[in-house]
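Heads up, entry.cif below (mmCIF, C-alpha atoms):
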```cif
data_start
loop_
_atom_site.label_atom_id
_atom_site.label_comp_id
_atom_site.auth_asym_id
_atom_site.auth_seq_id
_atom_site.Cartn_x
_atom_site.Cartn_y
_atom_site.Cartn_z
CA MET A 486 -4.76 -7.63 34.34
CA ALA A 487 -2.53 -6.35 31.55
CA ASP A 488 -0.85 -8.91 29.31
CA ARG A 489 2.89 -8.96 28.99
CA ASP A 490 2.68 -7.94 25.31
CA ASP A 491 0.18 -5.10 25.83
CA ALA A 492 2.97 -2.57 25.34
CA ALA A 493 2.98 -3.35 21.61
CA LEU A 494 -0.57 -2.01 21.42
CA ASP A 495 0.49 1.46 22.58
CA ASP A 496 1.75 2.10 19.04
CA PRO A 497 0.15 -0.54 16.77
CA VAL A 498 0.88 1.28 13.51
CA GLY A 499 4.50 2.03 14.32
CA GLU A 500 5.10 -1.48 15.64
CA SER A 501 3.64 -2.99 12.46
CA LEU A 502 5.72 -0.73 10.22
CA ARG A 503 8.91 -1.55 12.13
CA GLY A 504 8.18 -5.27 12.20
CA HIS A 505 5.94 -7.54 10.14
CA HIS A 506 4.97 -4.83 7.64
CA ALA A 507 8.41 -3.24 7.22
CA HIS A 508 8.34 -4.23 3.53
CA LEU A 509 5.22 -2.07 3.09
CA ALA A 510 6.66 0.96 4.91
CA ARG A 511 8.10 4.26 3.76
CA ARG A 512 10.14 6.38 6.15
CA LEU A 513 11.71 9.78 6.60
CA GLY A 514 13.56 10.37 9.85
CA ARG A 515 11.40 8.94 12.64
CA ALA A 516 8.16 9.40 10.69
CA ALA A 517 6.67 6.41 8.88
CA SER A 518 3.64 5.45 6.84
CA PHE A 519 2.40 2.63 4.68
CA VAL A 520 3.12 2.86 0.95
CA PRO A 521 0.26 4.30 -1.14
CA GLY A 522 -2.51 1.89 -1.99
CA VAL A 523 -2.03 -0.23 1.13
CA ALA A 524 -3.17 2.03 3.98
CA THR A 525 -3.14 5.69 5.01
CA PHE A 526 -1.99 4.96 8.57
CA SER A 527 1.06 6.92 9.72
CA ALA A 528 3.22 6.87 12.83
CA VAL A 529 5.48 9.23 14.74
CA SER A 530 7.35 8.82 18.01
CA ALA A 531 5.65 9.08 21.40
CA GLU A 532 6.62 12.74 21.78
CA PRO A 533 7.25 14.12 18.28
CA ASP A 534 8.82 17.52 17.80
CA GLY A 535 8.26 19.98 14.96
CA ALA A 536 11.00 18.43 12.84
CA GLU A 537 9.34 15.04 13.03
CA TRP A 538 6.01 16.46 11.87
CA ASP A 539 7.88 18.20 9.03
CA ASP A 540 9.35 14.82 8.04
CA LEU A 541 5.89 13.25 8.00
CA ALA A 542 4.58 16.14 5.88
CA ARG A 543 7.35 15.63 3.33
CA LEU A 544 6.84 11.88 3.41
CA LEU A 545 3.11 12.08 2.67
CA GLY A 546 2.97 15.19 0.50
CA ARG A 547 0.97 18.42 0.61
CA GLY A 548 -2.77 17.94 1.08
CA GLU A 549 -2.54 14.22 1.84
CA LEU A 550 -4.25 12.50 4.76
CA ALA A 551 -2.24 11.59 7.84
CA ASP A 552 -4.37 8.92 9.50
CA MET A 553 -2.79 8.73 12.96
CA PHE A 554 -5.01 5.80 14.00
CA SER A 555 -4.96 5.59 17.84
CA SER A 556 -1.88 7.78 18.38
CA PRO A 557 -2.45 10.53 20.98
CA ALA A 558 0.10 12.78 19.24
CA VAL A 559 -1.37 15.99 17.83
CA PRO A 560 0.39 17.87 14.99
CA PRO A 561 1.03 21.63 14.80
CA ARG A 562 -1.91 23.99 14.20
CA ALA A 563 -1.28 24.24 10.46
CA TRP A 564 -2.43 20.63 10.07
CA GLU A 565 -6.18 20.62 9.37
CA PRO A 566 -8.22 18.18 11.48
CA VAL A 567 -10.17 15.79 9.21
CA PHE A 568 -11.88 13.44 11.64
CA VAL A 569 -12.05 12.38 15.28
CA LEU A 570 -13.70 9.06 16.11
CA GLU A 571 -14.10 7.49 19.52
CA GLY A 572 -13.61 3.75 19.48
CA LEU A 573 -12.84 0.59 21.40
CA ARG A 574 -9.93 -1.81 21.26
CA MET A 575 -11.21 -5.34 21.81
CA VAL A 576 -9.15 -8.51 22.32
CA TRP A 577 -10.03 -12.14 21.71
CA ALA A 578 -10.73 -14.27 24.76
CA ARG A 579 -11.86 -17.54 23.18
CA SER A 580 -10.61 -20.25 20.79
CA GLY A 581 -11.23 -19.82 17.07
CA GLU A 582 -12.37 -22.45 14.61
CA THR A 583 -12.06 -22.89 10.85
CA ASP A 584 -15.01 -23.15 8.48
CA PRO A 585 -14.83 -25.19 5.24
CA ASP A 586 -17.14 -22.77 3.39
CA VAL A 587 -14.88 -19.79 3.96
CA VAL A 588 -12.49 -19.10 1.07
CA GLU A 589 -9.18 -17.26 1.06
CA LEU A 590 -9.11 -14.10 -1.06
CA GLY A 591 -6.21 -12.76 -3.08
CA ALA A 592 -5.18 -10.30 -5.79
CA ASP A 593 -7.66 -11.72 -8.32
CA ASP A 594 -10.49 -10.98 -5.89
CA VAL A 595 -9.64 -7.31 -5.37
CA PRO A 596 -12.33 -5.93 -7.73
CA ASP A 597 -14.99 -7.89 -5.84
CA MET A 598 -13.50 -6.85 -2.50
CA LEU A 599 -13.51 -3.17 -3.45
CA ASP A 600 -17.11 -3.45 -4.66
CA LEU A 601 -18.22 -5.04 -1.38
CA VAL A 602 -16.39 -2.36 0.64
CA ALA A 603 -18.03 0.39 -1.41
CA ARG A 604 -21.44 -1.11 -0.64
CA THR A 605 -20.90 -1.73 3.08
CA ARG A 606 -18.31 0.90 4.18
CA PRO A 607 -16.55 -1.10 6.92
CA GLY A 608 -13.58 1.28 7.00
CA PRO A 609 -10.56 2.13 4.86
CA PHE A 610 -9.68 -0.46 2.21
CA TRP A 611 -7.51 0.21 -0.84
CA PRO A 612 -6.37 -1.80 -3.88
CA ARG A 613 -3.32 -3.16 -2.02
CA THR A 614 -4.76 -3.45 1.50
CA HIS A 615 -5.07 -7.23 1.08
CA GLU A 616 -1.24 -7.39 1.13
CA LEU A 617 -1.33 -6.67 4.88
CA GLY A 618 -2.36 -10.26 5.68
CA THR A 619 -4.85 -13.04 5.08
CA TYR A 620 -8.29 -12.07 3.79
CA VAL A 621 -11.17 -14.52 3.73
CA GLY A 622 -14.67 -14.37 2.33
CA VAL A 623 -17.93 -16.08 1.61
CA ARG A 624 -19.30 -16.38 -1.91
CA GLU A 625 -22.89 -17.17 -2.83
CA ASN A 626 -23.55 -18.17 -6.44
CA GLY A 627 -20.12 -16.78 -7.26
CA ALA A 628 -20.74 -13.35 -5.72
CA LEU A 629 -18.61 -12.16 -2.80
CA VAL A 630 -21.13 -11.39 -0.05
CA ALA A 631 -18.93 -11.19 3.06
CA MET A 632 -15.28 -10.78 3.97
CA ALA A 633 -12.82 -9.99 6.73
CA GLY A 634 -9.05 -9.81 6.95
CA GLU A 635 -5.87 -9.14 8.87
CA ARG A 636 -4.50 -5.61 9.13
CA LEU A 637 -2.03 -4.30 11.73
CA ARG A 638 0.52 -6.75 13.15
CA PRO A 639 2.19 -5.37 16.30
CA PRO A 640 4.39 -8.03 17.96
CA GLY A 641 2.29 -10.78 19.49
CA TRP A 642 -0.96 -9.55 17.96
CA THR A 643 -2.93 -9.47 14.70
CA GLU A 644 -5.76 -7.03 14.10
CA ILE A 645 -8.91 -8.36 12.41
CA SER A 646 -10.49 -5.73 10.19
CA THR A 647 -12.80 -5.02 7.24
CA VAL A 648 -15.53 -7.27 8.62
CA CYS A 649 -18.46 -6.69 6.27
CA THR A 650 -21.49 -8.41 4.78
CA ALA A 651 -23.60 -7.38 1.82
CA PRO A 652 -27.08 -6.18 2.83
CA GLU A 653 -28.81 -9.04 1.03
CA ALA A 654 -26.73 -11.64 2.87
CA ARG A 655 -26.99 -10.39 6.45
CA GLY A 656 -28.44 -12.47 9.24
CA ARG A 657 -26.81 -15.70 8.05
CA GLY A 658 -23.84 -15.74 10.42
CA HIS A 659 -21.21 -14.91 7.79
CA ALA A 660 -19.36 -12.34 9.93
CA ALA A 661 -19.13 -14.76 12.84
CA ARG A 662 -17.75 -17.53 10.62
CA LEU A 663 -15.14 -15.24 9.09
CA VAL A 664 -13.97 -13.81 12.41
CA ARG A 665 -13.69 -17.28 13.99
CA THR A 666 -11.72 -18.54 10.99
CA LEU A 667 -9.28 -15.63 11.14
CA ALA A 668 -8.95 -15.98 14.92
CA ALA A 669 -8.00 -19.64 14.51
CA SER A 670 -5.38 -18.70 11.91
CA VAL A 671 -3.93 -15.99 14.15
CA GLU A 672 -3.78 -18.33 17.14
CA SER A 673 -2.03 -21.00 15.06
CA ARG A 674 0.90 -18.55 14.74
CA GLY A 675 1.05 -18.07 18.50
CA GLU A 676 -0.44 -14.57 18.29
CA ARG A 677 -3.60 -13.01 19.74
CA PRO A 678 -6.44 -11.48 17.72
CA LEU A 679 -7.67 -7.96 18.38
CA LEU A 680 -9.90 -5.50 16.60
CA HIS A 681 -10.98 -1.88 16.72
CA VAL A 682 -14.55 -0.67 16.44
CA ALA A 683 -16.31 2.69 16.61
CA GLU A 684 -17.82 3.21 20.05
CA ALA A 685 -21.12 4.25 18.43
CA ASN A 686 -21.37 0.99 16.48
CA THR A 687 -23.24 -0.83 19.22
CA GLY A 688 -24.48 -3.58 16.91
CA ALA A 689 -20.96 -4.58 15.92
CA ILE A 690 -19.76 -4.37 19.53
CA ALA A 691 -22.55 -6.71 20.63
CA LEU A 692 -21.62 -9.18 17.88
CA TYR A 693 -17.93 -9.13 18.81
CA GLU A 694 -18.76 -9.66 22.48
CA ARG A 695 -20.90 -12.69 21.58
CA LEU A 696 -18.00 -14.07 19.55
CA GLY A 697 -15.62 -13.77 22.50
CA PHE A 698 -14.00 -10.33 22.31
CA LYS A 699 -13.63 -8.19 25.41
CA THR A 700 -13.04 -4.45 25.52
CA ARG A 701 -9.47 -3.69 26.53
CA LYS A 702 -9.28 0.08 26.10
CA ARG A 703 -11.07 3.12 24.76
CA VAL A 704 -9.13 4.81 21.96
CA THR A 705 -9.53 7.93 19.84
CA PHE A 706 -8.87 7.80 16.10
CA ARG A 707 -7.68 11.02 14.46
CA GLY A 708 -6.87 12.14 10.96
CA PHE A 709 -5.20 15.35 9.76
CA ARG A 710 -4.57 17.02 6.41
CA VAL A 711 -0.94 17.80 5.60
CA PRO A 712 -0.55 21.60 5.16
#
```
Encoded form (structure tokens):
Amino acid sequence: MADRDDAALDDPVGESLRGHHAHLARRLGRAASFVPGVATFSAVSAEPDGAEWDDLARLLGRGELADMFSSPAVPPRAWEPVFVLEGLRMVWARSGETDPDVVELGADDVPDMLDLVARTRPGPFWPRTHELGTYVGVRENGALVAMAGERLRPPGWTEISTVCTAPEARGRGHAARLVRTLAASVESRGERPLLHVAEANTGAIALYERLGFKTRKRVTFRGFRVP
């Protein structure tokens, strides 16, 4: 049965940019995107016309990436397709719990965060991505070996993202601890956790299901190059 606030998930990027992340947005007409260094996600209306795509092109700049996330909108032919990825939207169906060994990460941790992302490739993460929400991690002997954080914030929801663990630290339950901690934080605000995962990443899907996530919808992620 659909939740009353499911409608916000029809346009998670646009809803975030209009709401909680408005201070990290740039706009031209009805087109919007995150400021550089935070995220490459962009948003247009449900049925954009040519003028709206022109606005997005001017907003981003020639040759830049328009990451349309889960939007079904397709730009004019001049826009070069960059990627298409089938994925799942999963929502939390359990109570979270905090963990005393999980630490909150901030601006001083960005070099370590970028290094971990480069080693594990969990998805897009830029120097200012941590400004989207709370990021938490696990350190062993001072080294950051696992992290996860909050990304999109459509009304009533918070997306958990960038869940990653260094190869030498896998199998110790770090990802589970981080996700549960973030879920507890999200629930304390009266919101619901969700996440997105590539449909081919069966290992991650199995982990998220064990933690208490359930698949809500299949989605297609698309990216295009501005002509």
Tell me which residues the PyMOL selection byres ((chain A and resi 559) around 10) grabs here, as a VMD selection string. chain A and resid 532 to 533 538 553 556 to 558 560 to 562 564 566 707 to 709
For Leu544 (chain A), the nearest of the candidates A:Ala669, A:Val711, A:Ala492, A:Leu663, counting only C-alpha atoms: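 Looking only at the distances to Leu544 (chain A), the closest residue turns out to be A:Val711.
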Within 8 Å of Tyr620 (chain A), counting all atoms listed in the file, which residues show up once you throw out same-chain ones fewer than 6 positions away? Write them as a list in words, please.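 With the cut-off at 8 Å, the set is Glu589, Leu590, Gly591, Met632, Ala633, Gly634 and Glu635 of chain A.
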Surrounding residues of Ala516 (chain A) excluding itself and chain neighbours under 5 positions, 7 Å, all atoms listed in the file, as JSON, numbers by chain: {"A": [528, 529, 537, 540, 541]}
Selected residue of minimal separation from Thr705 (chain A) among A:Arg655, A:Arg604, A:Arg638, A:Arg574, counting only C-alpha atoms: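 Nearest candidate to Thr705 (chain A) out of A:Arg655, A:Arg604, A:Arg638, A:Arg574: A:Arg574.
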Atoms are missing here; could region 590-601 of chain A be completed with all heavy atoms and written as a PDB file, in the frame of the given file?
```
ATOM      1  N   LEU A 590      -9.051 -15.071   0.022  1.00  0.00           N
ATOM      2  CA  LEU A 590      -9.110 -14.100  -1.060  1.00  0.00           C
ATOM      3  C   LEU A 590      -7.708 -13.596  -1.390  1.00  0.00           C
ATOM      4  O   LEU A 590      -6.837 -13.532  -0.525  1.00  0.00           O
ATOM      5  CB  LEU A 590     -10.002 -12.922  -0.657  1.00  0.00           C
ATOM      6  CG  LEU A 590     -11.443 -13.274  -0.239  1.00  0.00           C
ATOM      7  CD1 LEU A 590     -12.157 -12.027   0.271  1.00  0.00           C
ATOM      8  CD2 LEU A 590     -12.209 -13.896  -1.385  1.00  0.00           C
ATOM      9  N   GLY A 591      -7.503 -13.240  -2.648  1.00  0.00           N
ATOM     10  CA  GLY A 591      -6.210 -12.760  -3.080  1.00  0.00           C
ATOM     11  C   GLY A 591      -6.325 -11.646  -4.108  1.00  0.00           C
ATOM     12  O   GLY A 591      -7.390 -11.029  -4.271  1.00  0.00           O
ATOM     13  N   ALA A 592      -5.237 -11.416  -4.848  1.00  0.00           N
ATOM     14  CA  ALA A 592      -5.180 -10.300  -5.790  1.00  0.00           C
ATOM     15  C   ALA A 592      -6.284 -10.381  -6.845  1.00  0.00           C
ATOM     16  O   ALA A 592      -6.833  -9.350  -7.258  1.00  0.00           O
ATOM     17  CB  ALA A 592      -3.808 -10.272  -6.461  1.00  0.00           C
ATOM     18  N   ASP A 593      -6.623 -11.586  -7.296  1.00  0.00           N
ATOM     19  CA  ASP A 593      -7.660 -11.720  -8.320  1.00  0.00           C
ATOM     20  C   ASP A 593      -9.046 -11.327  -7.808  1.00  0.00           C
ATOM     21  O   ASP A 593      -9.946 -11.051  -8.610  1.00  0.00           O
ATOM     22  CB  ASP A 593      -7.703 -13.172  -8.835  1.00  0.00           C
ATOM     23  CG  ASP A 593      -6.462 -13.552  -9.625  1.00  0.00           C
ATOM     24  OD1 ASP A 593      -5.742 -12.635 -10.067  1.00  0.00           O
ATOM     25  OD2 ASP A 593      -6.208 -14.757  -9.787  1.00  0.00           O
ATOM     26  N   ASP A 594      -9.194 -11.305  -6.479  1.00  0.00           N
ATOM     27  CA  ASP A 594     -10.490 -10.980  -5.890  1.00  0.00           C
ATOM     28  C   ASP A 594     -10.647  -9.494  -5.565  1.00  0.00           C
ATOM     29  O   ASP A 594     -11.720  -9.077  -5.103  1.00  0.00           O
ATOM     30  CB  ASP A 594     -10.688 -11.784  -4.595  1.00  0.00           C
ATOM     31  CG  ASP A 594     -10.650 -13.278  -4.824  1.00  0.00           C
ATOM     32  OD1 ASP A 594     -11.561 -13.794  -5.493  1.00  0.00           O
ATOM     33  OD2 ASP A 594      -9.695 -13.923  -4.342  1.00  0.00           O
ATOM     34  N   VAL A 595      -9.606  -8.709  -5.785  1.00  0.00           N
ATOM     35  CA  VAL A 595      -9.640  -7.310  -5.370  1.00  0.00           C
ATOM     36  C   VAL A 595     -10.816  -6.531  -5.947  1.00  0.00           C
ATOM     37  O   VAL A 595     -11.463  -5.765  -5.218  1.00  0.00           O
ATOM     38  CB  VAL A 595      -8.290  -6.618  -5.703  1.00  0.00           C
ATOM     39  CG1 VAL A 595      -8.405  -5.101  -5.566  1.00  0.00           C
ATOM     40  CG2 VAL A 595      -7.201  -7.137  -4.773  1.00  0.00           C
ATOM     41  N   PRO A 596     -11.157  -6.674  -7.240  1.00  0.00           N
ATOM     42  CA  PRO A 596     -12.330  -5.930  -7.730  1.00  0.00           C
ATOM     43  C   PRO A 596     -13.599  -6.248  -6.945  1.00  0.00           C
ATOM     44  O   PRO A 596     -14.373  -5.335  -6.616  1.00  0.00           O
ATOM     45  CB  PRO A 596     -12.436  -6.374  -9.195  1.00  0.00           C
ATOM     46  CG  PRO A 596     -11.039  -6.723  -9.575  1.00  0.00           C
ATOM     47  CD  PRO A 596     -10.455  -7.372  -8.341  1.00  0.00           C
ATOM     48  N   ASP A 597     -13.819  -7.519  -6.622  1.00  0.00           N
ATOM     49  CA  ASP A 597     -14.990  -7.890  -5.840  1.00  0.00           C
ATOM     50  C   ASP A 597     -14.900  -7.353  -4.416  1.00  0.00           C
ATOM     51  O   ASP A 597     -15.913  -6.939  -3.822  1.00  0.00           O
ATOM     52  CB  ASP A 597     -15.150  -9.413  -5.799  1.00  0.00           C
ATOM     53  CG  ASP A 597     -15.576  -9.999  -7.136  1.00  0.00           C
ATOM     54  OD1 ASP A 597     -16.045  -9.229  -7.998  1.00  0.00           O
ATOM     55  OD2 ASP A 597     -15.425 -11.225  -7.314  1.00  0.00           O
ATOM     56  N   MET A 598     -13.698  -7.358  -3.851  1.00  0.00           N
ATOM     57  CA  MET A 598     -13.500  -6.850  -2.500  1.00  0.00           C
ATOM     58  C   MET A 598     -13.790  -5.361  -2.442  1.00  0.00           C
ATOM     59  O   MET A 598     -14.466  -4.869  -1.531  1.00  0.00           O
ATOM     60  CB  MET A 598     -12.076  -7.164  -2.025  1.00  0.00           C
ATOM     61  CG  MET A 598     -11.760  -8.656  -1.946  1.00  0.00           C
ATOM     62  SD  MET A 598      -9.999  -9.008  -1.789  1.00  0.00           S
ATOM     63  CE  MET A 598      -9.751  -8.734  -0.031  1.00  0.00           C
ATOM     64  N   LEU A 599     -13.281  -4.614  -3.417  1.00  0.00           N
ATOM     65  CA  LEU A 599     -13.510  -3.170  -3.450  1.00  0.00           C
ATOM     66  C   LEU A 599     -14.999  -2.859  -3.648  1.00  0.00           C
ATOM     67  O   LEU A 599     -15.522  -1.896  -3.067  1.00  0.00           O
ATOM     68  CB  LEU A 599     -12.685  -2.533  -4.575  1.00  0.00           C
ATOM     69  CG  LEU A 599     -11.173  -2.497  -4.347  1.00  0.00           C
ATOM     70  CD1 LEU A 599     -10.455  -2.055  -5.624  1.00  0.00           C
ATOM     71  CD2 LEU A 599     -10.815  -1.576  -3.197  1.00  0.00           C
ATOM     72  N   ASP A 600     -15.674  -3.649  -4.456  1.00  0.00           N
ATOM     73  CA  ASP A 600     -17.110  -3.450  -4.660  1.00  0.00           C
ATOM     74  C   ASP A 600     -17.880  -3.681  -3.365  1.00  0.00           C
ATOM     75  O   ASP A 600     -18.770  -2.897  -3.016  1.00  0.00           O
ATOM     76  CB  ASP A 600     -17.609  -4.391  -5.753  1.00  0.00           C
ATOM     77  CG  ASP A 600     -19.112  -4.265  -5.975  1.00  0.00           C
ATOM     78  OD1 ASP A 600     -19.551  -3.233  -6.498  1.00  0.00           O
ATOM     79  OD2 ASP A 600     -19.850  -5.211  -5.591  1.00  0.00           O
ATOM     80  N   LEU A 601     -17.530  -4.747  -2.640  1.00  0.00           N
ATOM     81  CA  LEU A 601     -18.220  -5.040  -1.380  1.00  0.00           C
ATOM     82  C   LEU A 601     -17.958  -3.936  -0.352  1.00  0.00           C
ATOM     83  O   LEU A 601     -18.874  -3.518   0.373  1.00  0.00           O
ATOM     84  CB  LEU A 601     -17.765  -6.397  -0.836  1.00  0.00           C
ATOM     85  CG  LEU A 601     -18.430  -6.870   0.452  1.00  0.00           C
ATOM     86  CD1 LEU A 601     -19.940  -6.990   0.282  1.00  0.00           C
ATOM     87  CD2 LEU A 601     -17.833  -8.210   0.902  1.00  0.00           C
TER      88      LEU A 601
END
```
